[in-house]
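*Asks:* Submitted below is the structure of interest, expressed as structure tokens.
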Amino acid sequence: MTSFGKYIRVILGAWAFLLIVLTSMPSSAQQVNPTASSVKEQQLLQELNRIQGRVSIPDQRSGVLEQPAGRDWREFRNVTLRWIGGIAIIGMLALLIVFYLSRGMVRLESGRSGRSIVRFTAFERFVHWMTATCFIILAVSGLNITFGRPLLLPLIGFEAFSEWSQWAKYAHNYLSFPFTIGVVLIFLIWIAGNIPNKLDIDWLKRGGGMIGHDHPPAYRFNAGQKAIYWIVVLGGGAVAVTGYQLMFPFYLSGIEGMQIAQIVHSIVSVLFVAAMLAHIYIGTIGMEGAFEAMGSGTVDVNWAKEHHSLWLEEQNARTGANDARSQPAATPAE
């Protein structure tokens, strides 16, 4: 009996062991298949068009971890944008250097008259310099986002680059507000003189006085200055709208819309910087007497006669009319 009992226990033990092995086989098969379709990233992207998790904050759109358009945006930001910005800015600088070496400063051919005329009021100059100062800081801090890591980081090191980038970000965000106000004011105070007309076509055909010694007539703003005005208004408006969309994320659109906003913001910005380099050149070393218009607010009469002859005629006519009105009425002789 004892041996029979042992025999029964051996049989039951064998069956139990076999049952354990059979029930554990599917589990073991799952553990050794880490490439199953349920964990493939590419299949998740194809099926759901994104990889999304769960978040505890109210905005559930922030739970998107990865989506196909993000890879295209990253390629644009790290490669394409740097090429666009580099070609636009370095190309403009090279063009201005070549132009200066071949043409030099545009001099006053008739010399200075010693008499001046008011060109811009104190308020106009304040708006210009407020907007220009903000623009320069915004441009430098914005270019740091695109070119800082490959160009500046190797020169100053991680700690200094981190500190600089943090303050640059603060400046970029907060100075955007006075810059936007300046763009709006520029649009309002100078819109009347910057409507294109037929005279601008003739000014462009004749090179605007920059080529040769021809000085085509112009009113208060010539075709070149009108172009700068509309670049500031339209370009500044575009970077402001897209910049605020990035500064306050997920209020107007999801992640896809923000990626589009960033692409528009960055392309317009680098082209904006390139255009302003030409504007700065003309207003400083490119043309004699031009800086005085925004510096002191007055220009020499001969400068006005050469570059804005029709505007000078309007000013002289207005001054003459005011002088005539200020004269006392004639009294009959007794």
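Chain labels A, B, ... are given in the sequence in which chains occur in the structure tokens; within each chain residues are numbered consecutively from 1, and ligands are likewise numbered from 1 in the order shown.
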Sorted by chain and rising residue number, list the residues of stretch 143-232 of chain A at most 12 Å from stretch 83-92 of chain A (counting only C-alpha atoms), each with its closest atom pair and distance in Å to one decimal, as JSON lines.
*Replies:*
{"residue": "A:Leu143", "atom": "CA", "partner": "A:Gly85", "partner_atom": "CA", "distance": 8.8}
{"residue": "A:Asn144", "atom": "CA", "partner": "A:Gly85", "partner_atom": "CA", "distance": 11.8}
{"residue": "A:Ile145", "atom": "CA", "partner": "A:Gly85", "partner_atom": "CA", "distance": 11.9}
{"residue": "A:Thr146", "atom": "CA", "partner": "A:Gly85", "partner_atom": "CA", "distance": 8.7}
{"residue": "A:Phe147", "atom": "CA", "partner": "A:Gly86", "partner_atom": "CA", "distance": 9.1}
{"residue": "A:Leu151", "atom": "CA", "partner": "A:Gly86", "partner_atom": "CA", "distance": 12.0}
*Asks:* One number please: atom CA of A:Leu277 to atom CA of A:Phe99, in Å, one decimal.
*Replies:*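 Rounded to one decimal, the two atoms are 13.2 Å apart.
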*Asks:* Taking only C-alpha atoms into account, which of A:Leu234, A:Leu199, A:Leu204, A:Leu310 comes nearest A:Arg220?
*Replies:*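 That would be A:Leu310, the residue with the smallest distance to A:Arg220.
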*Asks:* Would you please extract all strand (DSSP E or B) residues from stretch 262-305 of chain A, as assigned by DSSP on the backbone, and give them as a list in words?
*Replies:*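 Matching residues, listed in order: Met287, Thr298, Val299 and Asp300 of chain A.
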*Asks:* Got time to write the residues from that selection, N, CA, C and O atoms, as a short mmCIF file (atom, residue, chain, number, x, y, z; two decimals), in the first residue's frame?
*Replies:*
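The result, written out as selection-v3.cif:
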data_model
loop_
_atom_site.label_atom_id
_atom_site.label_comp_id
_atom_site.auth_asym_id
_atom_site.auth_seq_id
_atom_site.Cartn_x
_atom_site.Cartn_y
_atom_site.Cartn_z
N MET A 287 24.16 107.61 -47.05
CA MET A 287 23.73 108.89 -47.63
C MET A 287 24.06 110.03 -46.68
O MET A 287 23.69 109.99 -45.50
N THR A 298 15.78 117.71 -38.17
CA THR A 298 15.87 118.68 -39.26
C THR A 298 16.86 118.20 -40.31
O THR A 298 17.76 117.39 -39.99
N VAL A 299 16.71 118.69 -41.52
CA VAL A 299 17.65 118.37 -42.60
C VAL A 299 18.05 119.67 -43.29
O VAL A 299 17.34 120.68 -43.22
N ASP A 300 19.19 119.63 -43.96
CA ASP A 300 19.63 120.80 -44.71
C ASP A 300 18.70 121.02 -45.90
O ASP A 300 18.18 120.06 -46.50
#
*Asks:* So, counting only C-alpha atoms, which residue among A:Ile117, A:Ala240, A:Met105, A:Leu93 is closest to A:Ile282?
*Replies:*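 Counting only C-alpha atoms, the residue closest to A:Ile282 is A:Met105.
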*Asks:* List every residue of stretch 146-297 of chain A that DSSP, applied to the backbone of this structure, places in alpha helix (DSSP H), and write the result as a compact mmCIF listing (two decimals) with N, CA, C and O atoms, in the first residue's frame.
*Replies:*
# COMPACT_ATOMS: atom_id res chain seq x y z
N THR A 146 18.09 80.59 -33.29
CA THR A 146 18.40 79.81 -34.48
C THR A 146 19.89 79.53 -34.62
O THR A 146 20.28 78.40 -34.95
N PHE A 147 20.71 80.52 -34.36
CA PHE A 147 22.15 80.38 -34.63
C PHE A 147 23.01 80.33 -33.37
O PHE A 147 24.22 80.11 -33.47
N LEU A 153 27.57 79.06 -28.69
CA LEU A 153 27.86 78.11 -27.61
C LEU A 153 29.31 77.63 -27.60
O LEU A 153 29.94 77.60 -26.53
N PRO A 154 29.91 77.25 -28.73
CA PRO A 154 31.32 76.81 -28.69
C PRO A 154 32.28 77.91 -28.25
O PRO A 154 33.38 77.61 -27.77
N LEU A 155 31.87 79.18 -28.39
CA LEU A 155 32.78 80.28 -28.06
C LEU A 155 32.75 80.65 -26.58
O LEU A 155 33.80 80.99 -26.01
N ILE A 156 31.58 80.63 -25.96
CA ILE A 156 31.46 81.12 -24.59
C ILE A 156 31.18 80.02 -23.57
O ILE A 156 31.22 80.27 -22.36
N PHE A 158 28.88 76.46 -22.01
CA PHE A 158 27.50 76.14 -21.66
C PHE A 158 26.91 77.09 -20.62
O PHE A 158 25.78 77.55 -20.76
N GLU A 159 27.66 77.38 -19.58
CA GLU A 159 27.12 78.20 -18.49
C GLU A 159 26.80 79.61 -18.96
O GLU A 159 25.70 80.13 -18.70
N ALA A 160 27.74 80.25 -19.64
CA ALA A 160 27.50 81.60 -20.13
C ALA A 160 26.40 81.63 -21.19
O ALA A 160 25.57 82.53 -21.21
N PHE A 161 26.38 80.61 -22.05
CA PHE A 161 25.35 80.57 -23.09
C PHE A 161 23.96 80.37 -22.49
O PHE A 161 22.98 80.97 -22.94
N SER A 162 23.87 79.57 -21.44
CA SER A 162 22.59 79.36 -20.77
C SER A 162 22.09 80.64 -20.12
O SER A 162 20.91 80.99 -20.23
N GLU A 163 22.99 81.36 -19.44
CA GLU A 163 22.61 82.62 -18.79
C GLU A 163 22.18 83.65 -19.83
O GLU A 163 21.16 84.34 -19.66
N TRP A 164 22.96 83.78 -20.90
CA TRP A 164 22.64 84.74 -21.96
C TRP A 164 21.29 84.41 -22.62
O TRP A 164 20.47 85.28 -22.85
N SER A 165 21.07 83.14 -22.90
CA SER A 165 19.84 82.73 -23.58
C SER A 165 18.62 82.97 -22.71
O SER A 165 17.54 83.33 -23.22
N GLN A 166 18.76 82.80 -21.40
CA GLN A 166 17.63 83.04 -20.51
C GLN A 166 17.23 84.51 -20.52
O GLN A 166 16.05 84.86 -20.67
N TRP A 167 18.22 85.42 -20.40
CA TRP A 167 17.91 86.85 -20.42
C TRP A 167 17.45 87.30 -21.80
O TRP A 167 16.59 88.20 -21.92
N ALA A 168 18.00 86.69 -22.83
CA ALA A 168 17.55 87.01 -24.19
C ALA A 168 16.09 86.63 -24.39
O ALA A 168 15.34 87.35 -25.06
N LYS A 169 15.69 85.53 -23.80
CA LYS A 169 14.29 85.10 -23.90
C LYS A 169 13.37 86.09 -23.19
O LYS A 169 12.31 86.45 -23.71
N TYR A 170 13.76 86.53 -22.00
CA TYR A 170 12.96 87.53 -21.28
C TYR A 170 12.83 88.82 -22.10
O TYR A 170 11.73 89.38 -22.23
N ALA A 171 13.95 89.27 -22.65
CA ALA A 171 13.93 90.50 -23.45
C ALA A 171 13.06 90.33 -24.68
O ALA A 171 12.29 91.22 -25.05
N HIS A 172 13.16 89.18 -25.32
CA HIS A 172 12.39 88.92 -26.54
C HIS A 172 10.89 88.94 -26.25
O HIS A 172 10.10 89.49 -27.03
N ASN A 173 10.50 88.37 -25.13
CA ASN A 173 9.08 88.31 -24.80
C ASN A 173 8.53 89.68 -24.41
O ASN A 173 7.51 90.14 -24.94
N TYR A 174 9.20 90.37 -23.51
CA TYR A 174 8.64 91.59 -22.94
C TYR A 174 8.77 92.79 -23.88
O TYR A 174 7.88 93.65 -23.91
N SER A 176 8.50 92.72 -26.96
CA SER A 176 7.58 92.57 -28.09
C SER A 176 6.38 93.51 -27.95
O SER A 176 5.80 93.94 -28.96
N PHE A 177 6.02 93.86 -26.73
CA PHE A 177 4.85 94.72 -26.52
C PHE A 177 5.11 96.16 -26.98
O PHE A 177 4.31 96.71 -27.76
N PRO A 178 6.18 96.84 -26.54
CA PRO A 178 6.43 98.18 -27.08
C PRO A 178 6.73 98.17 -28.57
O PRO A 178 6.41 99.13 -29.28
N PHE A 179 7.35 97.09 -29.07
CA PHE A 179 7.59 97.00 -30.51
C PHE A 179 6.27 96.97 -31.28
O PHE A 179 6.12 97.68 -32.29
N THR A 180 5.32 96.20 -30.81
CA THR A 180 4.02 96.13 -31.47
C THR A 180 3.31 97.48 -31.43
O THR A 180 2.72 97.91 -32.42
N ILE A 181 3.38 98.14 -30.27
CA ILE A 181 2.77 99.48 -30.17
C ILE A 181 3.44 100.43 -31.16
O ILE A 181 2.76 101.23 -31.83
N GLY A 182 4.77 100.34 -31.29
CA GLY A 182 5.48 101.20 -32.23
C GLY A 182 5.06 100.95 -33.67
O GLY A 182 4.90 101.90 -34.45
N VAL A 183 4.89 99.69 -34.05
CA VAL A 183 4.46 99.36 -35.41
C VAL A 183 3.08 99.94 -35.70
O VAL A 183 2.83 100.51 -36.78
N VAL A 184 2.18 99.85 -34.73
CA VAL A 184 0.83 100.40 -34.91
C VAL A 184 0.89 101.92 -35.06
O VAL A 184 0.22 102.51 -35.93
N LEU A 185 1.70 102.57 -34.24
CA LEU A 185 1.83 104.03 -34.32
C LEU A 185 2.47 104.46 -35.64
O LEU A 185 2.05 105.45 -36.25
N ILE A 186 3.48 103.73 -36.09
CA ILE A 186 4.11 104.04 -37.38
C ILE A 186 3.08 103.95 -38.50
O ILE A 186 3.03 104.79 -39.41
N PHE A 187 2.26 102.91 -38.44
CA PHE A 187 1.21 102.76 -39.46
C PHE A 187 0.27 103.95 -39.46
O PHE A 187 -0.09 104.48 -40.52
N LEU A 188 -0.12 104.43 -38.28
CA LEU A 188 -1.12 105.49 -38.20
C LEU A 188 -0.56 106.86 -38.56
O LEU A 188 -1.20 107.63 -39.28
N ILE A 189 0.65 107.18 -38.10
CA ILE A 189 1.14 108.55 -38.29
C ILE A 189 1.73 108.80 -39.68
O ILE A 189 1.81 109.95 -40.11
N TRP A 190 2.11 107.73 -40.40
CA TRP A 190 2.74 107.93 -41.70
C TRP A 190 2.00 107.30 -42.86
O TRP A 190 2.51 107.28 -43.99
N LYS A 198 2.08 106.97 -59.12
CA LYS A 198 2.83 106.84 -60.37
C LYS A 198 4.23 107.43 -60.26
O LYS A 198 5.15 107.00 -60.97
N LEU A 199 4.40 108.40 -59.40
CA LEU A 199 5.72 109.02 -59.25
C LEU A 199 6.75 108.01 -58.74
O LEU A 199 7.94 108.12 -59.05
N ASP A 200 6.29 107.03 -57.97
CA ASP A 200 7.21 106.03 -57.44
C ASP A 200 7.81 105.17 -58.55
O ASP A 200 8.95 104.71 -58.44
N ILE A 201 7.04 104.92 -59.60
CA ILE A 201 7.56 104.11 -60.72
C ILE A 201 8.72 104.83 -61.39
O ILE A 201 9.76 104.22 -61.68
N ASP A 202 8.56 106.12 -61.62
CA ASP A 202 9.64 106.90 -62.23
C ASP A 202 10.85 106.96 -61.31
O ASP A 202 12.00 106.89 -61.78
N TRP A 203 10.62 107.06 -60.01
CA TRP A 203 11.72 107.10 -59.04
C TRP A 203 12.53 105.81 -59.11
O TRP A 203 13.76 105.83 -59.08
N LEU A 204 11.83 104.67 -59.22
CA LEU A 204 12.52 103.38 -59.29
C LEU A 204 13.26 103.22 -60.61
O LEU A 204 14.38 102.70 -60.64
N LYS A 205 12.67 103.67 -61.71
CA LYS A 205 13.33 103.57 -63.01
C LYS A 205 14.63 104.36 -63.04
O LYS A 205 15.60 103.96 -63.69
N ALA A 223 9.90 106.16 -53.11
CA ALA A 223 9.49 104.77 -53.28
C ALA A 223 10.28 103.82 -52.36
O ALA A 223 9.72 102.85 -51.83
N GLY A 224 11.56 104.10 -52.16
CA GLY A 224 12.36 103.25 -51.28
C GLY A 224 11.90 103.33 -49.84
O GLY A 224 11.81 102.31 -49.14
N GLN A 225 11.59 104.54 -49.39
CA GLN A 225 11.11 104.70 -48.01
C GLN A 225 9.72 104.11 -47.84
O GLN A 225 9.39 103.58 -46.77
N LYS A 226 8.90 104.18 -48.88
CA LYS A 226 7.59 103.55 -48.81
C LYS A 226 7.72 102.03 -48.71
O LYS A 226 6.95 101.37 -47.99
N ALA A 227 8.69 101.47 -49.42
CA ALA A 227 8.91 100.02 -49.33
C ALA A 227 9.30 99.64 -47.91
O ALA A 227 8.79 98.64 -47.36
N ILE A 228 10.19 100.42 -47.29
CA ILE A 228 10.58 100.14 -45.90
C ILE A 228 9.38 100.27 -44.97
O ILE A 228 9.19 99.46 -44.05
N TYR A 229 8.55 101.28 -45.20
CA TYR A 229 7.36 101.48 -44.37
C TYR A 229 6.45 100.26 -44.41
O TYR A 229 6.03 99.76 -43.35
N TRP A 230 6.17 99.75 -45.60
CA TRP A 230 5.26 98.60 -45.69
C TRP A 230 5.91 97.31 -45.20
O TRP A 230 5.23 96.41 -44.70
N GLY A 236 6.22 93.57 -39.46
CA GLY A 236 6.08 93.70 -38.01
C GLY A 236 4.76 93.15 -37.52
O GLY A 236 4.70 92.52 -36.46
N GLY A 237 3.69 93.37 -38.29
CA GLY A 237 2.40 92.81 -37.91
C GLY A 237 2.41 91.30 -37.93
O GLY A 237 1.84 90.65 -37.03
N ALA A 238 3.06 90.71 -38.94
CA ALA A 238 3.10 89.24 -39.05
C ALA A 238 3.88 88.61 -37.90
O ALA A 238 3.45 87.62 -37.30
N VAL A 239 5.06 89.18 -37.58
CA VAL A 239 5.85 88.60 -36.50
C VAL A 239 5.17 88.82 -35.14
O VAL A 239 5.32 88.00 -34.23
N ALA A 240 4.42 89.92 -35.00
CA ALA A 240 3.72 90.16 -33.74
C ALA A 240 2.59 89.14 -33.53
O ALA A 240 2.48 88.53 -32.47
N VAL A 241 1.77 88.94 -34.57
CA VAL A 241 0.64 88.01 -34.44
C VAL A 241 1.13 86.58 -34.19
O VAL A 241 0.66 85.89 -33.28
N THR A 242 2.09 86.13 -34.99
CA THR A 242 2.59 84.76 -34.81
C THR A 242 3.39 84.63 -33.52
O THR A 242 3.37 83.58 -32.88
N GLY A 243 4.08 85.70 -33.14
CA GLY A 243 4.85 85.64 -31.89
C GLY A 243 3.96 85.49 -30.67
O GLY A 243 4.27 84.72 -29.75
N TYR A 244 2.85 86.23 -30.64
CA TYR A 244 1.94 86.11 -29.50
C TYR A 244 1.24 84.76 -29.48
O TYR A 244 0.90 84.24 -28.42
N GLN A 245 1.03 84.17 -30.65
CA GLN A 245 0.46 82.82 -30.69
C GLN A 245 1.42 81.82 -30.07
O GLN A 245 1.00 80.86 -29.42
N LEU A 246 2.72 82.03 -30.26
CA LEU A 246 3.71 81.15 -29.65
C LEU A 246 3.91 81.47 -28.17
O LEU A 246 4.19 80.56 -27.36
N MET A 247 3.78 82.74 -27.80
CA MET A 247 3.97 83.13 -26.41
C MET A 247 2.83 82.62 -25.52
O MET A 247 3.04 82.32 -24.34
N ILE A 255 -1.12 72.00 -31.64
CA ILE A 255 0.32 71.97 -31.88
C ILE A 255 0.64 72.18 -33.35
O ILE A 255 1.64 72.81 -33.70
N GLU A 256 -0.23 71.70 -34.25
CA GLU A 256 0.03 71.88 -35.68
C GLU A 256 -0.01 73.35 -36.06
O GLU A 256 0.83 73.84 -36.82
N GLY A 257 -1.00 74.08 -35.56
CA GLY A 257 -1.09 75.51 -35.84
C GLY A 257 0.08 76.28 -35.27
O GLY A 257 0.56 77.25 -35.89
N MET A 258 0.57 75.88 -34.12
CA MET A 258 1.73 76.55 -33.54
C MET A 258 2.99 76.30 -34.35
O MET A 258 3.85 77.18 -34.46
N GLN A 259 3.11 75.13 -34.93
CA GLN A 259 4.26 74.85 -35.78
C GLN A 259 4.23 75.73 -37.03
O GLN A 259 5.26 76.28 -37.44
N ILE A 260 3.06 75.90 -37.61
CA ILE A 260 2.93 76.79 -38.77
C ILE A 260 3.26 78.24 -38.36
O ILE A 260 3.94 78.96 -39.09
N ALA A 261 2.77 78.65 -37.19
CA ALA A 261 3.06 80.01 -36.71
C ALA A 261 4.55 80.22 -36.52
O ALA A 261 5.09 81.29 -36.84
N GLN A 262 5.24 79.21 -36.01
CA GLN A 262 6.68 79.33 -35.80
C GLN A 262 7.43 79.42 -37.12
O GLN A 262 8.40 80.19 -37.25
N ILE A 263 6.98 78.68 -38.12
CA ILE A 263 7.62 78.74 -39.44
C ILE A 263 7.44 80.12 -40.05
O ILE A 263 8.40 80.73 -40.55
N VAL A 264 6.22 80.65 -40.00
CA VAL A 264 5.95 81.98 -40.54
C VAL A 264 6.75 83.03 -39.77
O VAL A 264 7.37 83.93 -40.35
N HIS A 265 6.73 82.93 -38.45
CA HIS A 265 7.43 83.90 -37.59
C HIS A 265 8.92 83.94 -37.92
O HIS A 265 9.50 85.02 -38.05
N SER A 266 9.53 82.79 -38.06
CA SER A 266 10.98 82.75 -38.26
C SER A 266 11.37 83.20 -39.66
O SER A 266 12.35 83.95 -39.82
N ILE A 267 10.63 82.81 -40.70
CA ILE A 267 10.98 83.22 -42.05
C ILE A 267 10.81 84.72 -42.22
O ILE A 267 11.70 85.42 -42.75
N VAL A 268 9.67 85.26 -41.78
CA VAL A 268 9.44 86.70 -41.90
C VAL A 268 10.49 87.46 -41.09
O VAL A 268 10.98 88.52 -41.53
N SER A 269 10.88 86.94 -39.94
CA SER A 269 11.83 87.64 -39.08
C SER A 269 13.20 87.78 -39.74
O SER A 269 13.81 88.86 -39.72
N VAL A 270 13.73 86.69 -40.30
CA VAL A 270 15.07 86.77 -40.89
C VAL A 270 15.06 87.66 -42.13
O VAL A 270 16.02 88.40 -42.40
N LEU A 271 13.98 87.63 -42.92
CA LEU A 271 13.87 88.53 -44.07
C LEU A 271 13.71 89.98 -43.60
O LEU A 271 14.23 90.92 -44.23
N PHE A 272 13.00 90.18 -42.51
CA PHE A 272 12.83 91.49 -41.89
C PHE A 272 14.19 92.07 -41.48
O PHE A 272 14.51 93.24 -41.75
N VAL A 273 15.00 91.24 -40.84
CA VAL A 273 16.34 91.67 -40.42
C VAL A 273 17.18 92.08 -41.62
O VAL A 273 17.87 93.11 -41.61
N ALA A 274 17.14 91.28 -42.70
CA ALA A 274 17.92 91.59 -43.89
C ALA A 274 17.49 92.93 -44.49
O ALA A 274 18.32 93.75 -44.89
N ALA A 275 16.18 93.18 -44.55
CA ALA A 275 15.69 94.44 -45.10
C ALA A 275 16.10 95.63 -44.24
O ALA A 275 16.46 96.70 -44.75
N MET A 276 16.06 95.46 -42.91
CA MET A 276 16.43 96.56 -42.03
C MET A 276 17.92 96.87 -42.08
O MET A 276 18.34 98.00 -41.80
N LEU A 277 18.74 95.91 -42.45
CA LEU A 277 20.16 96.19 -42.64
C LEU A 277 20.35 97.21 -43.76
O LEU A 277 21.18 98.13 -43.65
N ALA A 278 19.58 97.07 -44.84
CA ALA A 278 19.65 98.04 -45.93
C ALA A 278 19.16 99.40 -45.47
O ALA A 278 19.73 100.44 -45.82
N HIS A 279 18.10 99.42 -44.66
CA HIS A 279 17.57 100.68 -44.14
C HIS A 279 18.58 101.38 -43.24
O HIS A 279 18.78 102.61 -43.33
N ILE A 280 19.24 100.61 -42.38
CA ILE A 280 20.25 101.18 -41.49
C ILE A 280 21.43 101.73 -42.30
O ILE A 280 21.98 102.80 -41.99
N TYR A 281 21.82 101.01 -43.35
CA TYR A 281 22.93 101.47 -44.19
C TYR A 281 22.62 102.82 -44.82
O TYR A 281 23.44 103.75 -44.76
N ALA A 290 21.34 112.00 -44.18
CA ALA A 290 20.11 111.25 -43.93
C ALA A 290 19.87 111.01 -42.45
O ALA A 290 18.72 111.07 -41.98
N PHE A 291 20.93 110.76 -41.68
CA PHE A 291 20.75 110.46 -40.26
C PHE A 291 20.18 111.65 -39.50
O PHE A 291 19.50 111.49 -38.49
N GLU A 292 20.48 112.86 -39.96
CA GLU A 292 20.02 114.05 -39.25
C GLU A 292 18.49 114.13 -39.18
O GLU A 292 17.94 114.72 -38.25
N ALA A 293 17.82 113.52 -40.17
CA ALA A 293 16.36 113.58 -40.19
C ALA A 293 15.77 112.95 -38.94
O ALA A 293 14.82 113.48 -38.34
N MET A 294 16.33 111.82 -38.52
CA MET A 294 15.84 111.16 -37.31
C MET A 294 16.71 111.46 -36.10
O MET A 294 16.36 111.11 -34.99
N GLY A 295 17.84 112.12 -36.33
CA GLY A 295 18.69 112.50 -35.21
C GLY A 295 18.22 113.78 -34.55
O GLY A 295 17.75 113.79 -33.41
*Asks:* How far is it from atom CA of A:Ala317 to atom CA of A:Asn197, in Å with one decimal?
*Replies:* 21.8 Å
*Asks:* Skipping near chain neighbours, those fewer than 3 positions away, what residues fall within 12 Å of A:Glu306 using only C-alpha atoms, listed as a ChimeraX atom specification?
*Replies:* /A:106-113,208-210,213-219,222,287-290,299-303,309-313
*Asks:* To one decimal place in Å, what is the distance between atom CA of A:Asn316 and atom CA of A:Ala304?
*Replies:*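 Atom CA of A:Asn316 sits 11.3 Å away from atom CA of A:Ala304.
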